[in-house]
Every structure is written in C-alpha cells, then in structure tokens.
$ cat my_file15.csv   # CSV, C-alpha atoms and all ligand atoms
chain,number,residue,atom,x,y,z
A,731,MET,CA,77.9,41.3,107.1
A,732,THR,CA,76.6,38.7,104.7
A,733,ASN,CA,78.5,37.4,101.6
A,734,LEU,CA,81.8,38.0,103.3
A,735,THR,CA,84.0,36.3,100.7
A,736,GLN,CA,87.7,36.1,100.4
A,737,HIS,CA,87.5,37.7,96.9
A,738,PRO,CA,85.3,40.4,95.6
A,739,GLU,CA,82.3,39.5,93.4
A,740,ARG,CA,82.7,40.4,89.8
A,741,THR,CA,80.0,40.8,87.2
A,742,ALA,CA,81.6,40.8,83.7
A,743,ASP,CA,84.4,43.4,84.2
A,744,ARG,CA,82.6,45.4,86.9
A,745,VAL,CA,83.8,44.9,90.4
A,746,GLU,CA,80.6,44.9,92.5
A,747,HIS,CA,81.9,44.4,96.0
A,748,THR,CA,85.2,44.6,97.9
A,749,LEU,CA,86.5,44.1,101.3
A,750,ALA,CA,87.6,47.1,103.3
A,751,ALA,CA,89.0,47.4,106.9
A,752,ILE,CA,86.7,50.0,108.4
A,753,TRP,CA,88.0,51.8,111.4
A,754,ARG,CA,85.2,52.8,113.7
A,755,GLY,CA,87.1,54.4,116.5
A,756,GLY,CA,89.7,53.2,119.1
A,757,ASP,CA,90.7,49.6,118.3
A,758,ASP,CA,87.5,48.8,116.4
A,759,ILE,CA,88.8,47.8,113.0
A,760,ALA,CA,87.0,45.1,111.0
A,761,LEU,CA,86.9,43.8,107.5
A,762,GLU,CA,83.5,44.4,105.9
A,763,ALA,CA,82.2,43.4,102.4
A,764,VAL,CA,81.1,46.7,100.9
A,765,PRO,CA,79.7,47.7,97.5
A,766,VAL,CA,82.1,49.5,95.0
A,767,PRO,CA,80.3,52.6,93.8
A,768,PRO,CA,79.9,53.2,90.1
A,769,LEU,CA,82.9,55.0,88.6
A,770,GLY,CA,82.5,58.4,87.1
A,771,PRO,CA,84.4,59.9,84.2
A,772,GLY,CA,88.1,60.0,85.0
A,773,ASP,CA,87.8,57.8,88.1
A,774,VAL,CA,90.2,54.9,88.4
A,775,LEU,CA,89.7,51.7,90.4
A,776,VAL,CA,92.8,49.9,91.6
A,777,ARG,CA,93.1,46.5,93.2
A,778,VAL,CA,95.4,46.8,96.2
A,779,ARG,CA,98.6,44.7,96.0
A,780,LEU,CA,100.4,45.9,99.1
A,781,ALA,CA,100.0,48.7,101.6
A,782,THR,CA,102.5,49.9,104.2
A,783,ILE,CA,101.5,51.4,107.5
A,784,CYS,CA,102.5,55.0,108.0
A,785,GLY,CA,103.1,56.1,111.6
A,786,SER,CA,100.3,58.7,111.3
A,787,ASP,CA,97.7,55.9,111.0
A,788,ARG,CA,98.9,54.5,114.3
A,789,HIS,CA,98.6,58.0,115.8
A,790,THR,CA,95.0,58.1,114.5
A,791,VAL,CA,94.0,54.8,116.0
A,792,SER,CA,95.7,55.6,119.3
A,793,GLY,CA,93.8,59.0,119.5
A,794,ARG,CA,96.8,61.2,119.2
A,795,ARG,CA,95.7,62.5,115.8
A,796,VAL,CA,92.1,63.4,114.8
A,797,GLN,CA,90.6,62.4,111.5
A,798,PRO,CA,87.2,61.4,110.2
A,799,CYS,CA,85.7,58.2,111.7
A,800,PRO,CA,84.5,55.7,110.6
A,801,SER,CA,86.9,55.6,107.6
A,802,VAL,CA,89.2,53.3,105.7
A,803,LEU,CA,92.8,54.2,106.6
A,804,GLY,CA,96.0,53.6,104.6
A,805,HIS,CA,97.8,56.0,102.3
A,806,GLU,CA,101.0,54.2,101.3
A,807,THR,CA,99.6,51.7,98.7
A,808,VAL,CA,100.6,50.0,95.5
A,809,GLY,CA,97.8,48.8,93.4
A,810,GLU,CA,97.0,47.5,89.9
A,811,ILE,CA,94.5,49.4,87.7
A,812,VAL,CA,91.4,47.2,87.2
A,813,ALA,CA,88.9,49.7,85.8
A,814,PHE,CA,88.3,53.2,84.5
A,815,GLY,CA,85.2,55.3,84.8
A,816,THR,CA,82.9,56.0,81.9
A,817,GLU,CA,84.7,55.7,78.6
A,818,GLY,CA,87.9,55.3,80.5
A,819,ALA,CA,88.6,59.0,80.2
A,820,GLY,CA,88.4,62.3,81.9
A,821,GLY,CA,86.8,65.4,80.4
A,822,ALA,CA,83.5,65.9,78.7
A,823,GLY,CA,82.6,63.4,76.0
A,824,GLY,CA,85.5,61.2,77.0
A,825,ALA,CA,88.1,63.5,75.5
A,826,GLY,CA,91.6,62.7,76.8
A,827,LYS,CA,92.7,59.6,78.5
A,828,VAL,CA,93.6,59.4,82.2
A,829,ARG,CA,97.3,60.1,82.5
A,830,ALA,CA,100.0,59.6,85.1
A,831,VAL,CA,101.7,62.6,86.6
A,832,ASP,CA,104.5,62.2,84.1
A,833,GLY,CA,102.1,62.4,81.2
A,834,ARG,CA,102.1,58.7,80.3
A,835,GLU,CA,98.7,57.1,79.6
A,836,LEU,CA,97.3,54.8,82.2
A,837,ARG,CA,96.1,51.3,81.3
A,838,ILE,CA,94.4,48.3,82.9
A,839,GLY,CA,97.0,46.1,84.6
A,840,LEU,CA,99.6,48.9,85.3
A,841,ARG,CA,101.1,48.9,88.8
A,842,VAL,CA,100.6,52.4,90.3
A,843,ILE,CA,100.9,54.5,93.4
A,844,TRP,CA,99.0,57.7,94.0
A,845,SER,CA,99.2,60.9,96.0
A,846,VAL,CA,98.1,61.3,99.6
A,847,THR,CA,96.4,64.5,98.5
A,848,LEU,CA,93.6,64.9,96.0
A,849,PRO,CA,93.5,68.6,95.1
A,850,CYS,CA,90.5,70.4,93.6
A,851,GLY,CA,92.7,71.8,90.8
A,852,ALA,CA,90.6,75.0,90.7
A,853,CYS,CA,91.3,77.1,93.8
A,854,ASP,CA,93.8,79.9,94.0
A,855,ARG,CA,96.4,77.7,95.7
A,856,CYS,CA,96.0,74.9,93.2
A,857,LEU,CA,96.3,77.4,90.4
A,858,ALA,CA,99.5,78.8,92.0
A,859,GLY,CA,101.0,75.3,92.1
A,860,ILE,CA,100.6,74.8,95.8
A,861,THR,CA,98.2,71.9,95.5
A,862,ALA,CA,99.5,70.4,98.8
A,863,LYS,CA,97.5,73.2,100.5
A,864,CYS,CA,94.4,73.2,98.3
A,865,ARG,CA,91.5,74.9,99.9
A,866,SER,CA,89.2,71.9,99.5
A,867,LEU,CA,91.8,69.2,99.8
A,868,ARG,CA,90.7,65.6,100.1
A,869,LYS,CA,93.2,62.9,101.3
A,870,ALA,CA,93.6,59.2,100.5
A,871,GLY,CA,93.0,57.1,103.6
A,872,HIS,CA,91.5,60.1,105.4
A,873,GLU,CA,88.0,60.4,104.2
A,874,ALA,CA,84.9,59.7,106.2
A,875,TRP,CA,82.9,56.5,105.5
A,876,ASP,CA,79.8,58.6,105.0
A,877,SER,CA,81.4,61.0,102.6
A,878,ASP,CA,81.3,60.7,98.8
A,879,TRP,CA,84.7,59.0,98.7
A,880,ARG,CA,84.3,55.9,100.9
A,881,LEU,CA,87.0,53.8,99.3
A,882,SER,CA,89.9,56.3,99.8
A,883,GLY,CA,92.1,54.0,102.0
A,884,GLY,CA,94.6,51.3,101.2
A,885,TYR,CA,93.6,48.9,103.9
A,886,ALA,CA,91.1,47.3,101.5
A,887,GLN,CA,91.0,45.1,98.4
A,888,HIS,CA,90.2,48.1,96.2
A,889,VAL,CA,90.7,51.8,96.3
A,890,LEU,CA,88.8,54.3,94.2
A,891,LEU,CA,90.9,57.1,92.8
A,892,PRO,CA,88.6,60.0,91.9
A,893,ARG,CA,89.2,62.1,88.8
A,894,GLY,CA,92.2,64.4,89.3
A,895,MET,CA,94.1,62.1,91.6
A,896,PRO,CA,97.8,62.3,90.9
A,897,ILE,CA,98.9,58.8,89.9
A,898,ALA,CA,102.4,57.5,89.1
A,899,ILE,CA,103.4,54.3,87.3
A,900,VAL,CA,105.7,51.9,89.2
A,901,GLY,CA,108.6,50.6,87.1
A,902,ASP,CA,109.4,46.9,87.1
A,903,ALA,CA,112.7,47.5,89.0
A,904,LEU,CA,110.8,48.2,92.2
A,905,THR,CA,109.0,45.6,94.3
A,906,ASP,CA,105.7,46.5,95.9
A,907,ALA,CA,107.3,46.8,99.3
A,908,LEU,CA,109.8,49.3,98.0
A,909,ALA,CA,107.3,51.3,96.1
A,910,ALA,CA,104.5,51.6,98.7
A,911,PRO,CA,106.2,54.0,101.1
A,912,ALA,CA,107.0,56.3,98.1
A,913,ALA,CA,103.4,57.5,98.3
A,914,CYS,CA,103.9,59.2,101.7
A,915,ALA,CA,107.4,58.9,103.2
A,916,THR,CA,109.6,59.1,100.1
A,917,ALA,CA,107.5,61.8,98.3
A,918,THR,CA,107.5,63.9,101.4
A,919,VAL,CA,111.3,63.7,101.7
A,920,MET,CA,111.5,64.7,98.0
A,921,ALA,CA,109.5,67.8,98.9
A,922,VAL,CA,111.7,68.5,101.9
A,923,ALA,CA,114.8,68.2,99.8
A,924,GLU,CA,113.4,70.6,97.3
A,925,ARG,CA,112.9,73.2,100.1
A,926,ALA,CA,116.4,72.8,101.3
A,927,PRO,CA,119.4,74.3,99.6
A,928,ARG,CA,121.3,72.1,97.2
A,929,LEU,CA,122.7,69.4,99.5
A,930,ALA,CA,126.0,68.8,97.6
A,931,GLY,CA,129.0,69.8,99.8
A,932,LYS,CA,126.8,70.7,102.7
A,933,ARG,CA,127.0,69.5,106.3
A,934,VAL,CA,123.6,68.0,106.9
A,935,VAL,CA,122.0,66.9,110.2
A,936,VAL,CA,118.8,64.7,110.0
A,937,VAL,CA,116.8,64.6,113.2
A,938,GLY,CA,114.7,61.5,113.6
A,939,ALA,CA,115.7,58.3,111.8
A,940,GLY,CA,112.3,56.7,111.1
A,941,MET,CA,111.2,56.0,107.6
A,942,LEU,CA,111.3,59.6,106.5
A,943,GLY,CA,114.6,60.4,108.3
A,944,LEU,CA,116.4,57.4,106.9
A,945,THR,CA,115.1,58.3,103.4
A,946,ALA,CA,116.4,61.8,104.0
A,947,VAL,CA,119.8,60.5,105.1
A,948,ALA,CA,119.9,58.5,101.9
A,949,ALA,CA,118.9,61.5,99.8
A,950,ALA,CA,121.6,63.7,101.4
A,951,ALA,CA,124.3,61.1,100.9
A,952,SER,CA,123.2,60.6,97.3
A,953,ALA,CA,123.2,64.3,96.6
A,954,GLY,CA,126.9,64.5,97.7
A,955,ALA,CA,126.5,66.1,101.2
A,956,SER,CA,130.0,66.5,102.7
A,957,SER,CA,128.7,65.0,106.0
A,958,VAL,CA,125.4,63.5,107.1
A,959,THR,CA,124.7,63.3,110.8
A,960,ALA,CA,121.7,61.2,111.9
A,961,VAL,CA,120.1,61.8,115.4
A,962,ASP,CA,117.8,59.2,116.9
A,963,PRO,CA,117.4,57.8,120.4
A,964,ALA,CA,117.0,54.2,119.1
A,965,ALA,CA,120.3,52.3,118.6
A,966,GLU,CA,118.8,50.1,115.8
A,967,ARG,CA,117.7,53.2,113.9
A,968,ARG,CA,121.2,54.7,114.2
A,969,GLU,CA,122.6,51.5,112.8
A,970,LEU,CA,120.2,51.7,109.9
A,971,ALA,CA,121.2,55.3,109.4
A,972,ARG,CA,124.8,54.3,108.9
A,973,GLN,CA,123.6,51.8,106.2
A,974,PHE,CA,121.7,54.6,104.5
A,975,GLY,CA,124.8,56.8,104.2
A,976,ALA,CA,125.1,58.6,107.6
A,977,THR,CA,128.7,59.6,108.3
A,978,ASP,CA,128.0,60.2,112.0
A,979,VAL,CA,125.2,59.0,114.3
A,980,ARG,CA,124.1,60.5,117.6
A,981,GLN,CA,121.7,59.5,120.3
A,982,THR,CA,120.8,63.2,121.0
A,983,MET,CA,121.3,66.4,119.1
A,984,PRO,CA,125.0,67.2,119.3
A,985,ASP,CA,125.9,70.7,120.5
A,986,THR,CA,128.9,70.8,118.2
A,987,GLY,CA,128.1,71.2,114.6
A,988,PRO,CA,128.0,73.6,112.8
A,989,TYR,CA,125.6,72.4,110.2
A,990,ASP,CA,124.4,74.0,107.0
A,991,VAL,CA,121.1,72.1,106.7
A,992,LEU,CA,118.9,70.7,109.4
A,993,LEU,CA,116.1,68.3,108.3
A,994,GLU,CA,113.6,67.7,111.1
A,995,PHE,CA,111.5,64.6,111.2
A,996,SER,CA,111.2,63.8,114.9
A,997,GLY,CA,108.5,66.4,115.7
A,998,SER,CA,110.4,67.1,119.0
A,999,SER,CA,110.5,70.7,119.9
A,1000,ALA,CA,113.4,70.0,122.3
A,1001,ALA,CA,115.5,68.5,119.5
A,1002,LEU,CA,114.7,71.4,117.2
A,1003,GLN,CA,115.6,73.9,119.9
A,1004,GLU,CA,119.0,72.3,120.2
A,1005,GLY,CA,119.3,71.9,116.4
A,1006,LEU,CA,118.7,75.6,115.6
A,1007,ARG,CA,121.7,76.5,117.8
A,1008,THR,CA,124.0,74.3,115.7
A,1009,LEU,CA,123.2,76.0,112.3
A,1010,ASP,CA,126.0,77.9,110.7
A,1011,VAL,CA,125.7,81.2,108.8
A,1012,GLN,CA,123.2,80.8,106.0
A,1013,GLY,CA,121.9,77.7,107.8
A,1014,VAL,CA,118.5,76.3,106.7
A,1015,ALA,CA,116.1,74.2,108.9
A,1016,VAL,CA,113.4,72.3,107.1
A,1017,LEU,CA,110.7,71.1,109.4
A,1018,ALA,CA,108.4,68.2,108.4
A,1019,GLY,CA,108.0,66.0,111.5
A,1020,ALA,CA,106.0,68.4,113.7
A,1021,VAL,CA,102.5,67.3,112.8
A,1022,LEU,CA,101.2,67.1,116.3
A,1023,PRO,CA,101.2,69.9,118.9
A,1024,ASP,CA,104.4,70.2,121.0
A,1025,ALA,CA,106.0,72.9,123.1
A,1026,PRO,CA,106.9,76.2,121.4
A,1027,VAL,CA,110.5,76.7,120.4
A,1028,ALA,CA,112.3,79.9,121.5
A,1029,VAL,CA,114.0,81.6,118.6
A,1030,GLY,CA,116.1,84.7,119.1
A,1031,PRO,CA,115.3,87.0,116.2
A,1032,GLU,CA,118.8,88.6,116.5
A,1033,SER,CA,120.4,85.2,115.9
A,1034,VAL,CA,118.2,84.6,112.9
A,1035,VAL,CA,119.3,87.9,111.5
A,1036,ARG,CA,123.0,87.7,112.3
A,1037,ARG,CA,123.3,84.1,111.1
A,1038,HIS,CA,121.0,84.6,108.0
A,1039,LEU,CA,118.9,81.6,109.1
A,1040,SER,CA,116.0,80.2,107.2
A,1041,ILE,CA,113.3,78.1,108.9
A,1042,VAL,CA,110.8,76.5,106.6
A,1043,GLY,CA,108.0,74.0,106.9
A,1044,VAL,CA,106.8,71.3,104.5
A,1045,HIS,CA,103.4,69.6,104.8
A,1046,ASN,CA,102.2,67.2,102.0
A,1047,TYR,CA,103.8,67.3,98.6
A,1048,GLU,CA,103.2,68.1,95.0
A,1049,PRO,CA,102.4,65.5,92.2
A,1050,ARG,CA,105.9,65.8,90.8
A,1051,HIS,CA,107.4,64.5,94.1
A,1052,LEU,CA,105.7,61.1,93.4
A,1053,THR,CA,107.7,60.7,90.3
A,1054,ALA,CA,110.8,62.0,92.0
A,1055,ALA,CA,110.3,59.5,94.8
A,1056,LEU,CA,110.0,56.5,92.5
A,1057,ASP,CA,113.0,57.7,90.4
A,1058,PHE,CA,115.1,58.1,93.6
A,1059,LEU,CA,114.2,54.6,94.9
A,1060,GLU,CA,115.1,53.1,91.5
A,1061,GLU,CA,118.4,55.0,91.3
A,1062,THR,CA,119.4,53.9,94.8
A,1063,ARG,CA,117.9,50.5,95.1
A,1064,ASP,CA,121.3,48.7,94.9
A,1065,ARG,CA,123.1,51.3,97.0
A,1066,PHE,CA,120.9,51.3,100.1
A,1067,PRO,CA,119.1,48.3,101.8
A,1068,TRP,CA,115.6,49.6,101.3
A,1069,HIS,CA,114.1,46.2,101.8
A,1070,GLU,CA,115.3,46.2,105.4
A,1071,LEU,CA,112.9,48.9,106.2
A,1072,VAL,CA,109.7,47.0,105.4
A,1073,ALA,CA,108.5,43.9,107.2
A,1074,GLU,CA,107.3,40.8,105.4
A,1075,PRO,CA,103.6,41.6,104.5
A,1076,VAL,CA,100.8,39.9,106.4
A,1077,PRO,CA,97.2,39.4,105.1
A,1078,LEU,CA,94.8,42.3,105.2
A,1079,GLU,CA,92.8,40.5,108.0
A,1080,GLU,CA,95.7,41.4,110.4
A,1081,ILE,CA,95.6,45.1,109.8
A,1082,GLY,CA,93.9,45.8,113.2
A,1083,SER,CA,96.6,44.2,115.2
A,1084,LEU,CA,99.3,46.0,113.2
A,1085,LEU,CA,97.7,49.4,113.9
A,1086,ILE,CA,96.9,48.8,117.5
A,1087,SER,CA,100.1,47.2,118.8
A,1088,SER,CA,103.7,47.8,117.8
A,1089,PRO,CA,104.8,44.4,116.4
A,1090,GLY,CA,108.5,45.3,116.4
A,1091,THR,CA,111.0,47.9,115.4
A,1092,LYS,CA,110.7,48.0,111.6
A,1093,PRO,CA,110.1,51.4,110.2
A,1094,ARG,CA,107.2,49.9,108.1
A,1095,TYR,CA,104.8,47.0,108.4
A,1096,ALA,CA,102.8,45.9,105.5
A,1097,ILE,CA,99.6,44.1,104.4
A,1098,THR,CA,98.7,42.4,101.2
A,1099,ALA,CA,95.0,42.4,100.2
A,1100,TYR,CA,95.0,39.1,98.2
A,1201,ZN,ZN,101.9,59.0,106.0
A,1202,ZN,ZN,92.5,73.5,95.2

$ encode --input "my_file15.csv" --output "structure tokens"
Amino acid sequence: MTNLTQHPERTADRVEHTLAAIWRGGDDIALEAVPVPPLGPGDVLVRVRLATICGSDRHTVSGRRVQPCPSVLGHETVGEIVAFGTEGAGGAGGAGKVRAVDGRELRIGLRVIWSVTLPCGACDRCLAGITAKCRSLRKAGHEAWDSDWRLSGGYAQHVLLPRGMPIAIVGDALTDALAAPAACATATVMAVAERAPRLAGKRVVVVGAGMLGLTAVAAAASAGASSVTAVDPAAERRELARQFGATDVRQTMPDTGPYDVLLEFSGSSAALQEGLRTLDVQGVAVLAGAVLPDAPVAVGPESVVRRHLSIVGVHNYEPRHLTAALDFLEETRDRFPWHELVAEPVPLEEIGSLLISSPGTKPRYAITAY
C-alpha cells in the first residue's frame, strides 16, 4: 500500500483514511491504509483507543470458527467519537440526535463502547425485543471486507458504527482496559445472569474461569450467592476465581453439589454432562460457552421432570446489557482486581502475533491504535 502513515490523513474534520488490520485467512493479517467511506445519517465514526482480544477471534484465525474473510476482526473496543454522519443525526431531515442506549445524547469526544450485534430494528424478532437473534443481524468485527460495512472491527484506527448500532458511554471511573471487555464478555455475562434465577442465596457453580467465567463468578458473589464454586483445569484461573469471589474452586466438575444454578462458559459437553447431575430441585443451567460443535449431552427427561430442571441458552445480548456491564464494572472496580485480567496493551501493529500465538495466560490481551 502507498501512503502507509502512522496516523490517518485528515482533511478539515473529515477523516479520509485509516489503518486497519485486515485478516485474509490463516495467519495473514496485515495493516493496510484504507479509505474511510462517507458517513450516512445516523452513522458514527470512532477513533479506536484500545481493543481487547476475545477468544473467539483466536478461534477464527486458527480455523476453528468460520466467519467472513477477508475482514477486520475485533469486537471488544473502546473508542472516542470523532464524527457523525450527515447533520449528526438519525432520521429524515436530521430529526433527533444520535443517542446512547441509555438515552443520553452522543457528542464528539465521548468515550464509548458498542454492541457486538447490529440489529435491523424492523424484523419480528427485533420488534419482539430479541434483537440478539435479529433475522438480518450484522456483527461488529465479523463483516466481510467486500460488504457495505468494511470498518466493522476494532483492530483498526477507526471503526464505523452504522445507524442503529447500540452505543454506551464509558464513565470516567473506568479505564479503557476495564471498559473494552464490557462489549462482549461482561455484557454477555449480564445477559446470562438475567436468564438465571435471582442469584442471592443460591448455590452457584461456574464452569470455565476465562474472562466470562471470572466475570460470572464476580456477578454471583456481588449478587449475594450463598456459595460460588468455580471449575477450571488451569491453576492460575482457579486462583483468579478466588480473587473474584469464588468460595470454592475445583479442577474438574465436582460430583458433590447440589447446586441451584449452573453457569456454563467452558463449552465442554463433558463438563456440562457432569454439571447437570449436580443440580438440585428447581435447578437452572444457563449455557453460554458452547459456541463450537461438541459431543451431544445425554439428558434423562425423567430427571428433568422430577427435579424441575431448566436448561436455557444465551447467545449475544441486548443493548441494555451494555449499560448493565459498564454499571457492574463501575460498582465492583474496587472490590475485584479487574485490571489483572487484561495485559498491558501493545501497538496495533502487533495484532497478528497476538491472534496467532498465545502470548501467555492472561484472559485478555490488548492493542492500542495510536
Ligand atoms: Zn467475543
Ligand atoms: Zn431484526
């Protein structure tokens, strides 16, 4: 590419070009200078401050997970608003400003995060409030380079947020490193917690103590669960789980229990199989980790009936969970060592090596784009 500069070119207030890490399959990820398309009404352009690397992007690059290619990956991003589309507003004739999910007006310079999912807002599921499963869903950091949403991913200097994208304002109390995972990990855990019964006084077991599992441990402890058991094969994750409020940690699923609530983030059918056995009467299992194919789990219908079991799944989340995620992180920022979960950020140029190799055991690695 020509004109590959460290910083994007600007003409007056219009950002003309940016740098994006384009993934072209396998380990082919390279920074390229690319034009920023004109913004339409309701579109928002953000300058990326920091992006964390969700495990699903590693699965994409390693081939375990299929998504459009080439594309710009990255869906846990904190950015600063630098431009709005025509008239800075959505709607015909510029009526109505662009607003955050909590109704506040968005302005240039605000620090924001945004949803992984961009719903159409018009299909039957969107109208029923299930935007996470919109029939024409588009996803940040998942759109093909040859689509009409090229700059969808956070591994770039700029991200274009199309009209209708749920956006949340990050408060001053949260650093970029704390806020970035809210866009995927924390918000998903908020959706999981919503599908679970009220956790106060419950015996909770969390399977998998990666970023989501540790966040779920913290959520259960904060909600007043009577006990929180964390299950993970990695000793350092079990140690972190203790710091995030686990009252018991196990290397494998204990066959003791009983538990009232099982929160599944490992994606392991074997762990789930064991876990379902430990649920007490009225037990609820919420599954969020199984996003790749694994062996079927045998469930005896009689035991579901006799134990009044509920087994529910959660995939993606609703716009309100973005706000809930940021609020939860603010409320608990002094109680739990959130900063321990995110590695010191490295420059955007190093995104390829972070995606291809495992640099260490931190739940999250991060890049800064400037
Ligand atoms: Zn993710
Ligand atoms: Zn829809």

$ residues_near_ligand --input "my_file15.csv" --ligand "ligand ZN 1201 (chain A)" --cutoff "9 Å" --atoms "all atoms listed in the file" --output "PDB file with C-alpha atoms, in the coordinates of the input"
ATOM      1  CA  ILE A 783     101.500  51.400 107.500  1.00  0.00           C
ATOM      2  CA  CYS A 784     102.500  55.000 108.000  1.00  0.00           C
ATOM      3  CA  GLY A 785     103.100  56.100 111.600  1.00  0.00           C
ATOM      4  CA  SER A 786     100.300  58.700 111.300  1.00  0.00           C
ATOM      5  CA  ASP A 787      97.700  55.900 111.000  1.00  0.00           C
ATOM      6  CA  GLY A 804      96.000  53.600 104.600  1.00  0.00           C
ATOM      7  CA  HIS A 805      97.800  56.000 102.300  1.00  0.00           C
ATOM      8  CA  GLU A 806     101.000  54.200 101.300  1.00  0.00           C
ATOM      9  CA  VAL A 846      98.100  61.300  99.600  1.00  0.00           C
ATOM     10  CA  PRO A 911     106.200  54.000 101.100  1.00  0.00           C
ATOM     11  CA  ALA A 913     103.400  57.500  98.300  1.00  0.00           C
ATOM     12  CA  CYS A 914     103.900  59.200 101.700  1.00  0.00           C
ATOM     13  CA  ALA A 915     107.400  58.900 103.200  1.00  0.00           C
ATOM     14  CA  THR A 918     107.500  63.900 101.400  1.00  0.00           C
TER      15      THR A 918
END

$ residues_near_ligand --input "my_file15.csv" --ligand "ligand ZN 1202 (chain A)" --cutoff "10 Å" --atoms "only C-alpha atoms and all ligand atoms" --output "short mmCIF file (atom, residue, chain, number, x, y, z; two decimals) with C-alpha atoms, in the coordinates of the input"
data_model
loop_
_atom_site.label_atom_id
_atom_site.label_comp_id
_atom_site.auth_asym_id
_atom_site.auth_seq_id
_atom_site.Cartn_x
_atom_site.Cartn_y
_atom_site.Cartn_z
CA LEU A 848 93.60 64.90 96.00
CA PRO A 849 93.50 68.60 95.10
CA CYS A 850 90.50 70.40 93.60
CA GLY A 851 92.70 71.80 90.80
CA ALA A 852 90.60 75.00 90.70
CA CYS A 853 91.30 77.10 93.80
CA ASP A 854 93.80 79.90 94.00
CA ARG A 855 96.40 77.70 95.70
CA CYS A 856 96.00 74.90 93.20
CA LEU A 857 96.30 77.40 90.40
CA ALA A 858 99.50 78.80 92.00
CA GLY A 859 101.00 75.30 92.10
CA ILE A 860 100.60 74.80 95.80
CA THR A 861 98.20 71.90 95.50
CA ALA A 862 99.50 70.40 98.80
CA LYS A 863 97.50 73.20 100.50
CA CYS A 864 94.40 73.20 98.30
CA ARG A 865 91.50 74.90 99.90
CA SER A 866 89.20 71.90 99.50
CA LEU A 867 91.80 69.20 99.80
CA ARG A 868 90.70 65.60 100.10
#

$ residues_near_point --input "my_file15.csv" --point "(88.0, 54.3, 95.3)" --cutoff "7 Å" --atoms "all atoms listed in the file" --output "list in words"
Leu775, Trp879, Arg880, Leu881, Ser882, His888, Val889, Leu890, Leu891 and Pro892 of chain A

$ closest_residue --input "my_file15.csv" --among "A:Val1072, A:Val764, A:Ala923, A:Ala946" --to "Gly1043 of chain A" --atoms "only C-alpha atoms"
A:Ala923

$ closest_atom_pairs --input "my_file15.csv" --of "segment 887-959 of chain A" --to "segment 1005-1011 of chain A" --cutoff "10 Å" --atoms "only C-alpha atoms" --output "JSON lines"
{"residue": "A:Arg933", "atom": "CA", "partner": "A:Asp1010", "partner_atom": "CA", "distance": 9.5}
{"residue": "A:Val934", "atom": "CA", "partner": "A:Leu1009", "partner_atom": "CA", "distance": 9.7}
{"residue": "A:Val935", "atom": "CA", "partner": "A:Gly1005", "partner_atom": "CA", "distance": 8.4}
{"residue": "A:Val936", "atom": "CA", "partner": "A:Gly1005", "partner_atom": "CA", "distance": 9.6}
{"residue": "A:Val937", "atom": "CA", "partner": "A:Gly1005", "partner_atom": "CA", "distance": 8.4}

$ residues_around --input "my_file15.csv" --residues "Gly940 of chain A" --least-positions-apart "3" --cutoff "12 Å" --atoms "all atoms listed in the file" --output "JSON, numbers by chain"
{"A": [784, 785, 915, 916, 919, 936, 937, 943, 944, 945, 946, 947, 960, 961, 962, 963, 964, 965, 966, 967, 968, 969, 970, 971, 974, 994, 995, 996, 997, 1019, 1071, 1072, 1091, 1092, 1093, 1094]}

$ closest_residue --input "my_file15.csv" --among "A:Leu749, A:Leu836, A:Ala830, A:Val808" --to "Thr1053 of chain A" --atoms "only C-alpha atoms"
A:Ala830

$ residues_near_point --input "my_file15.csv" --point "(122.5, 72.5, 120.4)" --cutoff "10 Å" --atoms "only C-alpha atoms" --output "ChimeraX atom specification"
/A:982-988,1000-1009

$ atom_distance --input "my_file15.csv" --atom1 "atom CA of Glu1060 of chain A" --atom2 "atom CA of Ala898 of chain A"
13.7 Å

$ residues_around --input "my_file15.csv" --residues "Gly1013 of chain A" --least-positions-apart "6" --cutoff "9 Å" --atoms "only C-alpha atoms" --output "list in words"
Pro988, Tyr989, Asp990, Val991, Leu992, Leu1006, Arg1037, His1038, Leu1039, Ser1040 and Ile1041 of chain A

$ residues_around --input "my_file15.csv" --residues "Leu840 of chain A" --least-positions-apart "3" --cutoff "9 Å" --atoms "only C-alpha atoms" --output "ChimeraX atom specification"
/A:809-812,836-837,899-900

$ atom_distance --input "my_file15.csv" --atom1 "atom CA of Ala976 of chain A" --atom2 "atom CA of Thr1062 of chain A"
14.8 Å

$ atom_distance --input "my_file15.csv" --atom1 "atom CA of Gly884 of chain A" --atom2 "atom CA of Thr905 of chain A"
17.0 Å

$ closest_residue --input "my_file15.csv" --among "A:Glu835, A:Glu924, A:Glu1079, A:Asp758" --to "Ala886 of chain A" --atoms "only C-alpha atoms"
A:Glu1079

$ residues_around --input "my_file15.csv" --residues "Pro1023 of chain A" --least-positions-apart "5" --cutoff "10 Å" --atoms "all atoms listed in the file" --output "MDAnalysis selection string"
chainID A and resid 794:795 997:999

$ write_last_selection --input "my_file15.csv" --atoms "C-alpha atoms" --output "PDB file, in the coordinates of the input"
ATOM      1  CA  ARG A 794      96.800  61.200 119.200  1.00  0.00           C
ATOM      2  CA  ARG A 795      95.700  62.500 115.800  1.00  0.00           C
ATOM      3  CA  GLY A 997     108.500  66.400 115.700  1.00  0.00           C
ATOM      4  CA  SER A 998     110.400  67.100 119.000  1.00  0.00           C
ATOM      5  CA  SER A 999     110.500  70.700 119.900  1.00  0.00           C
TER       6      SER A 999
END

$ closest_residue --input "my_file15.csv" --among "A:Glu1032, A:Asp832, A:Glu746, A:Asp906" --to "Ile1097 of chain A" --atoms "all atoms listed in the file"
A:Asp906

$ closest_residue --input "my_file15.csv" --among "A:Leu904, A:Met895, A:Ala926, A:Tyr885" --to "Ala781 of chain A" --atoms "all atoms listed in the file"
A:Tyr885

$ closest_residue --input "my_file15.csv" --among "A:Ser792, A:Thr959, A:Ser801, A:Thr847" --to "Leu1084 of chain A" --atoms "only C-alpha atoms"
A:Ser792

$ residues_around --input "my_file15.csv" --residues "Val831 of chain A" --least-positions-apart "6" --cutoff "12 Å" --atoms "all atoms listed in the file" --output "PyMOL selection string"
chain A and resi 842-845+894-900+1048-1054+1056
